[in-house]
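Chemist: My file is structure_0.cif. It has mmCIF, C-alpha atoms:
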```
data_structure
loop_
_atom_site.label_atom_id
_atom_site.label_comp_id
_atom_site.auth_asym_id
_atom_site.auth_seq_id
_atom_site.Cartn_x
_atom_site.Cartn_y
_atom_site.Cartn_z
CA MET A 1 56.13 85.98 154.81
CA LEU A 2 59.93 85.58 155.23
CA GLY A 3 59.38 85.14 158.94
CA ILE A 4 58.02 88.68 159.31
CA PRO A 5 54.83 88.80 161.41
CA SER A 6 51.74 89.66 159.40
CA THR A 7 50.74 92.30 161.91
CA PHE A 8 53.99 94.14 161.27
CA CYS A 9 53.46 94.02 157.49
CA THR A 10 49.95 95.31 157.87
CA SER A 11 51.14 98.18 160.04
CA LEU A 12 53.96 98.99 157.59
CA PHE A 13 51.65 99.09 154.56
CA SER A 14 49.15 101.17 156.51
CA TRP A 15 51.90 103.63 157.45
CA LEU A 16 53.15 103.86 153.86
CA ASN A 17 49.64 104.38 152.58
CA SER A 18 48.99 107.09 155.12
CA ARG A 19 52.24 108.86 154.17
CA LYS A 20 51.28 108.57 150.52
CA ALA A 21 47.88 110.05 151.26
CA VAL A 22 49.48 112.96 153.06
CA TYR A 23 51.92 113.60 150.20
CA THR A 24 49.13 113.36 147.67
CA SER A 25 46.98 115.75 149.66
CA VAL A 26 49.81 118.26 149.94
CA VAL A 27 50.48 118.11 146.20
CA ILE A 28 46.79 118.52 145.41
CA TYR A 29 46.54 121.47 147.81
CA LEU A 30 49.54 123.22 146.24
CA CYS A 31 48.09 122.68 142.76
CA VAL A 32 44.78 124.16 143.88
CA VAL A 33 46.60 127.18 145.35
CA ARG A 34 48.45 127.65 142.08
CA LEU A 35 45.27 127.24 140.04
CA LEU A 36 43.28 129.74 142.12
CA ARG A 37 46.01 132.23 142.98
CA TYR A 38 45.78 134.11 139.65
CA ARG A 39 42.09 133.45 139.06
CA ARG A 40 40.90 136.99 139.78
CA VAL A 41 43.44 138.72 137.59
CA ARG A 42 42.74 136.30 134.73
CA ARG A 43 39.02 136.95 134.96
CA VAL A 44 39.30 140.69 134.34
CA ASP A 45 37.52 141.47 131.08
CA ARG A 46 39.74 143.62 128.87
CA ASN A 47 37.09 144.38 126.26
CA PHE A 48 35.44 147.42 127.83
CA VAL A 49 35.62 151.18 128.03
CA MET A 50 37.69 152.19 131.07
CA THR A 51 35.35 154.52 132.95
CA PRO A 52 36.17 155.72 136.49
CA THR A 53 33.56 153.30 137.85
CA ARG A 54 35.07 150.35 135.97
CA ALA A 55 38.51 151.42 137.15
CA GLN A 56 37.23 151.49 140.73
CA GLU A 57 35.86 147.96 140.38
CA ILE A 58 39.24 146.70 139.18
CA MET A 59 41.06 148.49 141.99
CA LEU A 60 38.80 147.13 144.69
CA VAL A 61 39.66 143.57 143.69
CA TYR A 62 43.30 143.98 144.62
CA TYR A 63 42.64 146.39 147.48
CA ARG A 64 40.09 144.11 149.15
CA TYR A 65 41.11 140.61 148.08
CA GLU A 66 44.60 140.36 146.57
CA PHE A 67 46.71 142.65 148.78
CA PRO A 68 44.54 144.08 151.59
CA TRP A 69 47.31 144.34 154.22
CA THR A 70 49.85 145.87 151.86
CA SER A 71 47.24 148.20 150.35
CA SER A 72 46.44 149.64 153.76
CA LYS A 73 50.12 150.15 154.62
CA ALA A 74 50.95 151.54 151.18
CA LEU A 75 48.17 154.13 151.31
CA GLY A 76 49.31 155.20 154.77
CA PHE A 77 52.88 155.39 153.57
CA ALA A 78 51.80 157.39 150.51
CA LEU A 79 50.42 160.07 152.82
CA PHE A 80 53.55 159.83 154.97
CA LYS A 81 55.68 160.38 151.87
CA THR A 82 54.14 163.80 151.25
CA TYR A 83 55.63 164.94 154.57
CA GLY A 84 59.01 164.90 152.82
CA ILE A 85 57.99 167.99 150.80
CA PRO A 86 58.79 171.10 152.92
CA THR A 87 55.97 173.21 151.46
CA ILE A 88 53.51 170.50 152.58
CA SER A 89 55.07 169.72 155.96
CA LYS A 90 55.29 173.42 156.88
CA ILE A 91 51.53 173.88 156.46
CA LEU A 92 50.75 170.65 158.32
CA ASN A 93 52.99 171.66 161.20
CA LYS A 94 51.14 174.97 161.52
CA THR A 95 47.81 173.15 161.87
CA GLN A 96 49.27 171.00 164.71
CA GLN A 97 46.94 168.19 163.64
CA LEU A 98 49.86 165.79 163.28
CA THR A 99 52.29 167.19 165.83
CA ASP A 100 49.87 167.39 168.78
CA LYS A 101 49.67 163.96 170.42
CA GLY A 102 46.00 164.48 171.29
CA LYS A 103 45.04 165.32 167.70
CA CYS A 104 47.08 163.13 165.38
CA GLY A 105 45.18 159.89 166.07
CA LYS A 106 41.86 161.51 165.16
CA ARG A 107 43.38 163.11 162.09
CA TYR A 108 44.66 159.73 160.92
CA MET A 109 41.26 158.08 161.44
CA ASP A 110 39.33 160.93 159.78
CA THR A 111 41.60 160.76 156.74
CA SER A 112 41.16 156.97 156.55
CA LEU A 113 37.37 157.26 156.71
CA LEU A 114 37.16 159.96 154.04
CA ILE A 115 39.50 158.13 151.66
CA GLY A 116 37.77 154.81 152.38
CA ALA A 117 34.41 156.36 151.48
CA PHE A 118 35.31 157.60 148.02
CA MET A 119 37.43 154.53 147.28
CA THR A 120 34.72 151.97 148.06
CA CYS A 121 31.37 153.71 147.54
CA PRO A 122 29.80 154.24 144.08
CA MET A 123 31.06 157.28 142.13
CA TYR A 124 27.83 158.87 140.97
CA GLY A 125 28.18 161.92 138.77
CA THR A 126 29.06 163.18 135.30
CA ASN A 127 31.35 160.88 133.27
CA SER A 128 31.62 158.38 136.12
CA GLY A 129 30.15 155.47 134.16
CA VAL A 130 27.81 154.34 136.95
CA ASP A 131 24.10 153.92 136.32
CA TYR A 132 21.67 155.74 138.60
CA PRO A 133 19.03 153.62 140.34
CA ASP A 134 15.42 154.17 139.29
CA ASN A 135 14.78 155.93 142.57
CA LYS A 136 17.31 158.71 143.22
CA ALA A 137 16.65 158.26 146.93
CA ASP A 138 18.63 155.02 146.66
CA VAL A 139 21.80 156.83 145.54
CA ASP A 140 24.62 156.23 148.04
CA PRO A 141 26.07 159.73 148.62
CA ARG A 142 29.03 158.77 150.81
CA SER A 143 31.66 159.18 148.08
CA ALA A 144 30.36 162.61 147.08
CA ILE A 145 30.06 163.82 150.69
CA ALA A 146 33.59 162.61 151.51
CA ILE A 147 35.11 164.43 148.53
CA ALA A 148 33.08 167.57 149.27
CA ARG A 149 34.24 167.51 152.90
CA ILE A 150 37.87 167.16 151.85
CA ASN A 151 37.43 170.06 149.43
CA TRP A 152 35.91 172.24 152.15
CA LEU A 153 38.73 171.42 154.58
CA HIS A 154 41.37 172.18 151.95
CA SER A 155 39.68 175.50 151.20
CA GLN A 156 40.52 176.61 154.74
CA TYR A 157 44.21 176.50 153.79
CA PRO A 158 44.44 178.60 150.58
CA SER A 159 48.25 178.60 150.66
CA ILE A 160 48.41 174.97 149.48
CA SER A 161 49.69 175.02 145.91
CA ASN A 162 48.16 173.10 143.03
CA ASP A 163 51.50 171.32 142.50
CA ASP A 164 51.47 170.05 146.09
CA PHE A 165 47.91 168.80 145.60
CA LEU A 166 49.00 167.19 142.35
CA TYR A 167 51.98 165.48 143.97
CA THR A 168 49.80 164.16 146.80
CA LEU A 169 47.40 162.75 144.22
CA SER A 170 50.28 161.06 142.39
CA VAL A 171 51.62 159.19 145.42
CA PHE A 172 48.24 157.54 145.94
CA ILE A 173 48.69 156.05 142.47
CA TYR A 174 52.37 155.11 142.45
CA GLU A 175 53.26 154.29 146.06
CA PRO A 176 50.91 151.25 146.21
CA VAL A 177 52.31 150.11 142.85
CA ARG A 178 55.83 150.29 144.31
CA TRP A 179 54.82 148.39 147.45
CA TYR A 180 53.12 145.62 145.51
CA LYS A 181 56.22 145.15 143.36
CA ALA A 182 58.53 145.10 146.38
CA TYR A 183 56.49 143.24 148.99
CA GLU A 184 53.66 141.27 147.38
CA TRP A 185 53.27 137.95 145.56
CA ARG A 186 52.72 139.72 142.24
CA GLU A 187 52.95 143.22 140.84
CA LEU A 188 50.07 145.01 139.17
CA THR A 189 49.28 144.34 135.54
CA GLU A 190 49.37 147.15 133.01
CA LEU A 191 45.57 147.20 133.04
CA GLU A 192 45.47 147.52 136.83
CA CYS A 193 47.97 150.38 136.72
CA GLN A 194 45.84 152.13 134.13
CA ALA A 195 42.74 151.59 136.28
CA SER A 196 44.49 153.20 139.24
CA PHE A 197 45.41 156.22 137.14
CA ILE A 198 41.87 156.63 135.72
CA PHE A 199 40.28 156.38 139.17
CA TRP A 200 42.60 158.80 140.96
CA ALA A 201 42.58 161.25 138.05
CA GLU A 202 38.79 161.43 138.39
CA ILE A 203 39.13 161.96 142.15
CA GLY A 204 41.58 164.77 141.40
CA ARG A 205 39.15 166.43 138.99
CA ARG A 206 36.38 166.25 141.60
CA MET A 207 38.76 167.95 144.03
CA GLY A 208 39.46 170.74 141.56
CA ILE A 209 43.12 169.82 141.01
CA GLN A 210 44.42 171.36 137.81
CA ASN A 211 46.89 170.18 135.13
CA ILE A 212 46.57 166.45 135.79
CA PRO A 213 48.79 164.69 133.21
CA ALA A 214 46.97 162.79 130.48
CA SER A 215 48.48 159.34 131.02
CA TYR A 216 49.88 156.99 133.64
CA LYS A 217 53.42 157.34 132.27
CA GLU A 218 53.30 161.14 132.01
CA PHE A 219 52.03 161.47 135.58
CA LEU A 220 54.75 159.11 136.86
CA GLU A 221 57.45 161.16 135.13
CA TRP A 222 55.99 164.40 136.54
CA SER A 223 55.83 162.92 140.06
CA GLU A 224 59.42 161.68 139.97
CA ALA A 225 60.66 165.03 138.68
CA TYR A 226 58.73 166.87 141.42
CA GLU A 227 60.32 164.65 144.07
CA ARG A 228 63.80 165.29 142.74
CA ASP A 229 63.28 169.05 142.83
CA HIS A 230 61.22 169.45 146.01
CA MET A 231 61.84 166.52 148.37
CA VAL A 232 64.74 168.07 150.28
CA PRO A 233 65.90 168.03 153.92
CA ASP A 234 63.91 170.29 156.25
CA ASP A 235 63.19 170.43 159.98
CA ASN A 236 59.44 170.55 159.31
CA ASN A 237 59.73 167.19 157.56
CA LYS A 238 61.60 165.75 160.54
CA VAL A 239 59.00 166.91 163.09
CA LEU A 240 56.13 165.36 161.12
CA ALA A 241 58.04 162.13 160.50
CA GLU A 242 58.87 161.67 164.18
CA ARG A 243 55.29 162.28 165.31
CA THR A 244 53.81 159.98 162.68
CA ILE A 245 56.22 157.16 163.46
CA GLU A 246 55.43 157.58 167.15
CA LEU A 247 51.74 157.13 166.34
CA LEU A 248 52.48 153.96 164.37
CA ILE A 249 54.43 152.33 167.19
CA HIS A 250 52.68 153.77 170.23
CA LYS A 251 51.15 150.41 171.23
CA LEU A 252 54.57 148.78 171.58
CA PRO A 253 56.33 148.60 174.96
CA ASN A 254 58.78 151.45 175.38
CA MET A 255 61.75 149.08 175.33
CA PHE A 256 60.94 148.05 171.72
CA LYS A 257 60.21 151.50 170.29
CA PRO A 258 63.79 152.51 169.35
CA PHE A 259 64.19 149.32 167.34
CA ALA A 260 60.75 149.79 165.75
CA ARG A 261 61.76 153.27 164.56
CA ILE A 262 64.76 151.76 162.80
CA LEU A 263 62.52 149.14 161.20
CA VAL A 264 60.29 151.86 159.78
CA SER A 265 63.31 153.56 158.25
CA CYS A 266 64.16 150.29 156.47
CA LEU A 267 60.99 150.73 154.37
CA MET A 268 61.86 154.28 153.34
CA GLU A 269 63.57 155.26 150.10
CA ASP A 270 66.87 157.07 150.47
CA ARG A 271 65.55 160.41 149.17
CA LEU A 272 62.61 160.39 151.59
CA ARG A 273 64.74 159.35 154.56
CA ASN A 274 67.28 162.09 153.82
CA ALA A 275 64.52 164.68 153.44
CA MET A 276 63.19 163.70 156.88
CA LEU A 277 66.69 163.88 158.42
CA ILE A 278 66.45 160.27 159.55
CA PRO A 279 69.77 158.37 159.78
CA PRO A 280 70.13 155.32 157.51
CA PRO A 281 69.45 151.94 159.11
CA PRO A 282 72.19 149.29 159.33
CA ALA A 283 72.59 147.64 155.91
CA LEU A 284 72.30 144.15 157.39
CA LEU A 285 69.05 145.00 159.17
CA LYS A 286 67.59 146.48 155.99
CA LYS A 287 68.46 143.33 154.06
CA THR A 288 66.94 141.22 156.84
CA VAL A 289 63.66 143.16 156.78
CA HIS A 290 63.40 142.86 153.00
CA GLY A 291 64.32 139.18 153.27
CA ILE A 292 61.51 138.55 155.76
CA MET A 293 59.07 140.34 153.47
CA GLY A 294 60.34 138.15 150.62
CA ILE A 295 59.62 135.01 152.66
CA ARG A 296 56.12 136.31 153.34
CA THR A 297 55.62 136.86 149.61
CA PHE A 298 56.79 133.31 148.80
CA VAL A 299 54.57 131.71 151.44
CA ILE A 300 51.44 133.62 150.38
CA LYS A 301 52.01 132.92 146.71
CA HIS A 302 52.60 129.19 147.01
CA PHE A 303 50.89 128.04 150.21
CA PHE A 304 47.91 130.32 150.93
CA LEU A 305 44.58 130.03 149.19
CA PRO A 306 43.18 133.30 147.81
CA ARG A 307 41.20 135.43 150.20
CA ILE A 308 37.47 134.61 150.26
CA TRP A 309 36.12 137.55 152.26
CA PRO A 310 37.06 141.13 151.40
CA ARG A 311 38.86 143.55 153.66
CA LEU A 312 36.19 146.14 154.51
CA TYR A 313 37.01 149.81 154.95
CA LEU A 314 33.52 151.03 155.87
CA GLY A 315 31.73 147.74 156.35
CA ARG A 316 29.15 146.17 154.07
CA THR A 317 26.48 148.32 155.70
CA PRO A 318 26.73 151.49 157.77
CA TYR A 319 26.53 151.08 161.52
CA PHE A 320 24.14 153.60 163.01
CA SER A 321 24.03 154.33 166.70
CA PRO A 322 20.58 154.40 168.31
CA ASN A 323 18.75 157.55 167.22
CA GLN A 324 17.95 159.29 170.49
CA ASP A 325 16.83 162.87 171.15
CA LYS A 326 16.12 163.32 167.42
CA GLU A 327 19.81 163.53 166.60
CA LEU A 328 21.10 162.85 163.11
CA PRO A 329 22.05 159.19 162.65
CA ARG A 330 25.75 158.53 163.10
CA LEU A 331 28.12 155.79 162.00
CA HIS A 332 30.62 153.70 163.91
CA SER A 333 34.03 152.81 162.50
CA VAL A 334 34.48 149.09 161.81
CA TYR A 335 38.22 148.95 162.49
CA TYR A 336 41.11 150.98 163.81
CA GLU A 337 44.88 150.65 163.80
CA ASN A 338 46.03 153.16 166.40
CA GLU A 339 43.30 154.69 168.54
CA PRO A 340 39.65 153.50 168.70
CA TRP A 341 38.02 156.64 167.32
CA TYR A 342 34.26 156.36 166.69
CA ARG A 343 34.08 152.81 168.03
CA PRO A 344 31.08 152.03 170.30
CA GLU A 345 31.82 151.41 173.95
CA SER A 346 32.39 147.76 174.75
CA ARG A 347 29.80 145.62 176.48
CA GLY A 348 29.61 142.20 178.09
CA LEU A 349 32.72 140.02 177.80
CA SER A 350 34.63 142.65 175.84
CA LYS A 351 34.08 145.16 178.64
CA LEU A 352 35.15 142.57 181.20
CA ALA A 353 38.35 141.89 179.24
CA GLU A 354 39.11 145.61 179.15
CA ASN A 355 38.61 145.91 182.91
CA ILE A 356 40.94 142.96 183.54
CA ARG A 357 43.65 144.53 181.39
CA VAL A 358 43.30 147.79 183.31
CA MET A 359 43.52 146.00 186.68
CA LEU A 360 46.64 144.12 185.57
CA GLY A 361 48.26 147.36 184.49
CA LEU A 362 48.41 146.28 180.84
CA ALA A 363 46.30 149.22 179.67
CA SER A 364 44.50 152.28 180.93
CA VAL A 365 40.85 153.28 180.66
CA ALA A 366 41.89 155.97 178.18
CA ASP A 367 43.02 153.29 175.72
CA PHE A 368 39.51 151.99 175.08
CA PRO A 369 36.42 153.39 173.30
CA GLY A 370 34.58 156.07 175.19
CA PRO A 371 33.41 159.70 174.93
CA HIS A 372 37.05 160.83 174.60
CA PHE A 373 37.15 158.89 171.30
CA GLN A 374 33.66 160.06 170.27
CA SER A 375 32.08 156.66 170.81
CA LYS A 376 28.68 158.01 169.68
CA GLY A 377 30.02 157.80 166.13
CA TYR A 378 30.73 160.15 163.24
CA ARG A 379 29.20 161.85 160.25
CA PHE A 380 31.18 162.55 157.10
CA GLU A 381 30.38 166.26 157.02
CA GLU A 382 31.84 166.63 160.54
CA LEU A 383 35.19 164.90 159.96
CA GLY A 384 38.34 166.98 160.23
CA PRO A 385 39.97 169.15 162.91
CA ALA A 386 37.84 169.57 166.03
CA GLY A 387 37.60 173.31 165.40
CA PHE A 388 35.89 172.64 162.07
CA SER A 389 33.58 169.81 163.15
CA ALA A 390 30.50 172.07 163.33
CA ALA A 391 31.38 174.19 160.29
CA GLY A 392 30.81 173.93 156.56
CA HIS A 393 28.00 171.34 156.62
CA ASP A 394 25.66 173.17 154.24
CA GLN A 395 28.46 173.94 151.79
CA VAL A 396 29.59 170.32 151.88
CA MET A 397 26.11 169.02 151.11
CA ARG A 398 25.60 171.48 148.26
CA GLN A 399 28.86 170.46 146.62
CA ALA A 400 28.10 166.76 147.21
CA GLU A 401 24.83 167.22 145.31
CA GLU A 402 26.71 168.91 142.47
CA ILE A 403 29.24 166.07 142.35
CA GLN A 404 26.69 163.26 142.25
CA GLY A 405 24.13 165.13 140.16
CA CYS A 406 21.15 164.65 142.46
CA PRO A 407 19.99 165.64 145.97
CA VAL A 408 21.46 164.02 149.08
CA VAL A 409 18.55 162.32 150.84
CA GLY A 410 18.10 159.64 153.46
CA PRO A 411 20.18 159.10 156.60
CA PHE A 412 23.22 160.94 155.21
CA SER A 413 21.32 164.19 154.60
CA LEU A 414 21.29 167.01 157.14
CA GLY A 415 17.55 166.93 157.68
CA HIS A 416 17.09 163.20 158.29
CA THR A 417 16.38 162.38 161.91
CA ASN A 418 13.91 159.51 161.58
CA PHE A 419 15.05 156.36 159.82
CA ASN A 420 14.52 152.63 159.73
CA ASN A 421 17.88 150.97 160.38
CA SER A 422 16.90 147.72 158.65
CA ASN A 423 15.90 149.57 155.47
CA VAL A 424 19.22 151.40 155.40
CA ASN A 425 21.13 148.15 155.78
CA GLU A 426 19.21 146.58 152.93
CA LYS A 427 19.98 149.41 150.51
CA LEU A 428 23.57 150.32 151.34
CA VAL A 429 25.78 147.30 150.80
#
```
Go through the file and emit its structure as structure tokens.

Modeler:
Amino acid sequence: MLGIPSTFCTSLFSWLNSRKAVYTSVVIYLCVVRLLRYRRVRRVDRNFVMTPTRAQEIMLVYYRYEFPWTSSKALGFALFKTYGIPTISKILNKTQQLTDKGKCGKRYMDTSLLIGAFMTCPMYGTNSGVDYPDNKADVDPRSAIAIARINWLHSQYPSISNDDFLYTLSVFIYEPVRWYKAYEWRELTELECQASFIFWAEIGRRMGIQNIPASYKEFLEWSEAYERDHMVPDDNNKVLAERTIELLIHKLPNMFKPFARILVSCLMEDRLRNAMLIPPPPALLKKTVHGIMGIRTFVIKHFFLPRIWPRLYLGRTPYFSPNQDKELPRLHSVYYENEPWYRPESRGLSKLAENIRVMLGLASVADFPGPHFQSKGYRFEELGPAGFSAAGHDQVMRQAEEIQGCPVVGPFSLGHTNFNNSNVNEKLV
């Protein structure tokens, strides 16, 4: 064929065909990503009564599947944002739970576990919209116990105003919405925003917060007005901000920490940064950070398939440590971001890897799970400052029963010392 060897032609056609197959595969993959990317939001049924339970179901889709990383950061930042209110930061500074290096990691983990419980576990109780199982012993009480424990802890600080509680409630609604719009591949739909409001408003009522606005828009306007009037510069804000940022970056080598602090400030709104007396970051760096986040958004939206497995906050089933000496069953945390509170001590290869890191000087024994991080596990009614860990249990359980409308029984009750771990795992998913 025109003097060209047949072997060369065969190789050329084979190469072209292979390139064509690759191009075709890439196009098909991108089409599949586009087809599936919005599948979950399209499947939401809009013909229903928006009960707190239905709102929770809608929220968990984007918390667990759509934006799990951003959701976690946004919730943490929502709590951080309240430290810009001097009346809040002053009380928190007095407790020393966030300013004492030995306490702030536990406080962060306890808060995460309590919030994770009422966000992900069924909301039994009046007007919740959830159906009780035939056997009340199968009711999962974790949400009710978590809320009751938070209420008991807050009752120890009677100087906290209702408006400060109300503002804290509002940032858990609106800060994630802001983060999704700024840093994710899509923003929330109007229905999802409404679901967030319905869910958190019910949480607020269960916490006894008064004067919750009647709509998403009204609450947003109230929250913005409260920020304008009360988020002002104060040394208490600065102390809390510095300690919290230090906790976030404590795993980094010391040489990178100054730069990391500046990066955190790039994510802060001007009013919050001014209230915390933090200098503004360089404009170019701020644009670079937001540009990188924009690239991440573009890549996820167009090149990543939707998440298959959910991000778990408490795990599909509770992890109970071996029940020895007739102690109450305890749970182990399934993840941590800063310090390994309530994680079981490592064994086998994991323990060997820890020992190697210690020998190489890359870590210390104190960095890993052990008694100093309460490796035996936790119980919801014990979470909170160490001085309160043994207090308020009966009151918490009584209020939890009032919230969910039935007795707390099974491994989460105070009188349950004998249990079958396999039965618990079958029921609590």

Chemist: Counting all atoms listed in the file, figure out which residue out of A:Glu175, A:Glu221, A:Asp164, A:Glu246 gets nearest to A:Ser72.

Modeler: A:Glu175

Chemist: Pick out the closest residue to A:Thr95 from this set: A:Arg307, A:Arg379, A:His154, A:Lys301. Count all atoms listed in the file.

Modeler: A:His154

Chemist: Can you tell me, as a list in words, what residues are no more than 12 Å from stretch 350-357 of chain A when counting only C-alpha atoms, ignoring any on the same chain fewer than 4 positions away?

Modeler: Pro344, Glu345, Ser346, Gly361, Leu362, Ala363, Ser364, Val365, Ala366, Asp367, Phe368, Pro369 and Gly370 of chain A

Chemist: Given the file above and the PyMOL selection byres ((chain A and resi 289) around 12), which residues are selected, and can you give them as a list in words?

Modeler: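 Checked against the file, the PyMOL selection byres ((chain A and resi 289) around 12) matches Ala182, Tyr183, Ala260, Ile262, Leu263, Val264, Ser265, Cys266, Leu267, Met268, Pro281, Pro282, Ala283, Leu284, Leu285, Lys286, Lys287, Thr288, His290, Gly291, Ile292, Met293, Gly294, Ile295 and Arg296 of chain A.
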
Chemist: Out of A:Val409, A:Val334, A:Leu153, A:Met231, which residue has the shortest atom-to-atom distance to A:Ile88 when counting all atoms listed in the file?

Modeler: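 Among the listed residues, the smallest separation from A:Ile88 belongs to A:Met231.
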
Chemist: Between A:Tyr180, A:Phe172, A:Tyr38, A:Tyr62, which one has atoms that come closest to A:Phe80, using only C-alpha atoms?

Modeler: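 With only C-alpha atoms as the atom set, the closest residue is A:Phe172.
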
Chemist: Could you get me a file of stretch 63-70 of chain A with all heavy atoms, as a compact mmCIF listing (two decimals), in the first residue's frame, taken from the block above?

Modeler:
```txt
# COMPACT_ATOMS: atom_id res chain seq x y z
N TYR A 63 -25.14 16.25 54.16
CA TYR A 63 -24.08 16.15 55.17
C TYR A 63 -23.23 14.91 54.97
O TYR A 63 -22.00 14.96 55.12
CB TYR A 63 -24.69 16.11 56.58
CG TYR A 63 -24.92 17.46 57.21
CD1 TYR A 63 -26.19 17.91 57.51
CD2 TYR A 63 -23.85 18.29 57.52
CE1 TYR A 63 -26.41 19.15 58.09
CE2 TYR A 63 -24.05 19.53 58.10
CZ TYR A 63 -25.33 19.95 58.38
OH TYR A 63 -25.52 21.19 58.96
N ARG A 64 -23.86 13.79 54.64
CA ARG A 64 -23.13 12.52 54.56
C ARG A 64 -22.61 12.20 53.17
O ARG A 64 -21.57 11.54 53.04
CB ARG A 64 -24.05 11.39 55.02
CG ARG A 64 -24.29 11.30 56.50
CD ARG A 64 -25.28 10.21 56.81
NE ARG A 64 -25.23 9.77 58.20
CZ ARG A 64 -26.03 8.86 58.72
NH1 ARG A 64 -26.98 8.31 57.97
NH2 ARG A 64 -25.93 8.51 59.98
N TYR A 65 -23.33 12.62 52.14
CA TYR A 65 -22.98 12.21 50.78
C TYR A 65 -22.49 13.36 49.89
O TYR A 65 -21.47 13.24 49.22
CB TYR A 65 -24.18 11.56 50.09
CG TYR A 65 -24.59 10.24 50.66
CD1 TYR A 65 -25.58 10.15 51.63
CD2 TYR A 65 -23.98 9.05 50.23
CE1 TYR A 65 -25.97 8.92 52.15
CE2 TYR A 65 -24.36 7.83 50.76
CZ TYR A 65 -25.35 7.77 51.72
OH TYR A 65 -25.73 6.56 52.24
N GLU A 66 -23.22 14.47 49.86
CA GLU A 66 -22.91 15.53 48.91
C GLU A 66 -21.68 16.35 49.32
O GLU A 66 -20.78 16.57 48.53
CB GLU A 66 -24.12 16.47 48.76
CG GLU A 66 -25.41 15.77 48.34
CD GLU A 66 -25.45 15.46 46.86
OE1 GLU A 66 -24.63 14.65 46.41
OE2 GLU A 66 -26.32 16.01 46.18
N PHE A 67 -21.65 16.82 50.56
CA PHE A 67 -20.56 17.70 51.00
C PHE A 67 -20.02 17.29 52.37
O PHE A 67 -20.00 18.10 53.31
CB PHE A 67 -21.05 19.16 51.10
CG PHE A 67 -22.10 19.56 50.12
CD1 PHE A 67 -23.37 19.95 50.55
CD2 PHE A 67 -21.84 19.58 48.76
CE1 PHE A 67 -24.33 20.35 49.66
CE2 PHE A 67 -22.80 19.98 47.85
CZ PHE A 67 -24.06 20.36 48.30
N PRO A 68 -19.59 16.08 52.57
CA PRO A 68 -19.18 15.65 53.92
C PRO A 68 -18.00 16.43 54.48
O PRO A 68 -17.99 16.80 55.66
CB PRO A 68 -18.85 14.16 53.74
CG PRO A 68 -18.57 14.01 52.27
CD PRO A 68 -19.45 14.98 51.58
N TRP A 69 -16.98 16.68 53.65
CA TRP A 69 -15.79 17.40 54.14
C TRP A 69 -16.16 18.83 54.51
O TRP A 69 -15.84 19.31 55.60
CB TRP A 69 -14.69 17.39 53.08
CG TRP A 69 -13.43 18.06 53.54
CD1 TRP A 69 -12.42 17.51 54.26
CD2 TRP A 69 -13.06 19.43 53.31
NE1 TRP A 69 -11.43 18.44 54.50
CE2 TRP A 69 -11.80 19.62 53.92
CE3 TRP A 69 -13.66 20.50 52.64
CZ2 TRP A 69 -11.14 20.84 53.89
CZ3 TRP A 69 -13.00 21.72 52.62
CH2 TRP A 69 -11.75 21.89 53.22
N THR A 70 -16.85 19.51 53.61
CA THR A 70 -17.22 20.90 53.87
C THR A 70 -18.21 21.01 55.02
O THR A 70 -18.16 21.97 55.80
CB THR A 70 -17.81 21.53 52.60
OG1 THR A 70 -16.86 21.41 51.53
CG2 THR A 70 -18.13 23.00 52.80
```
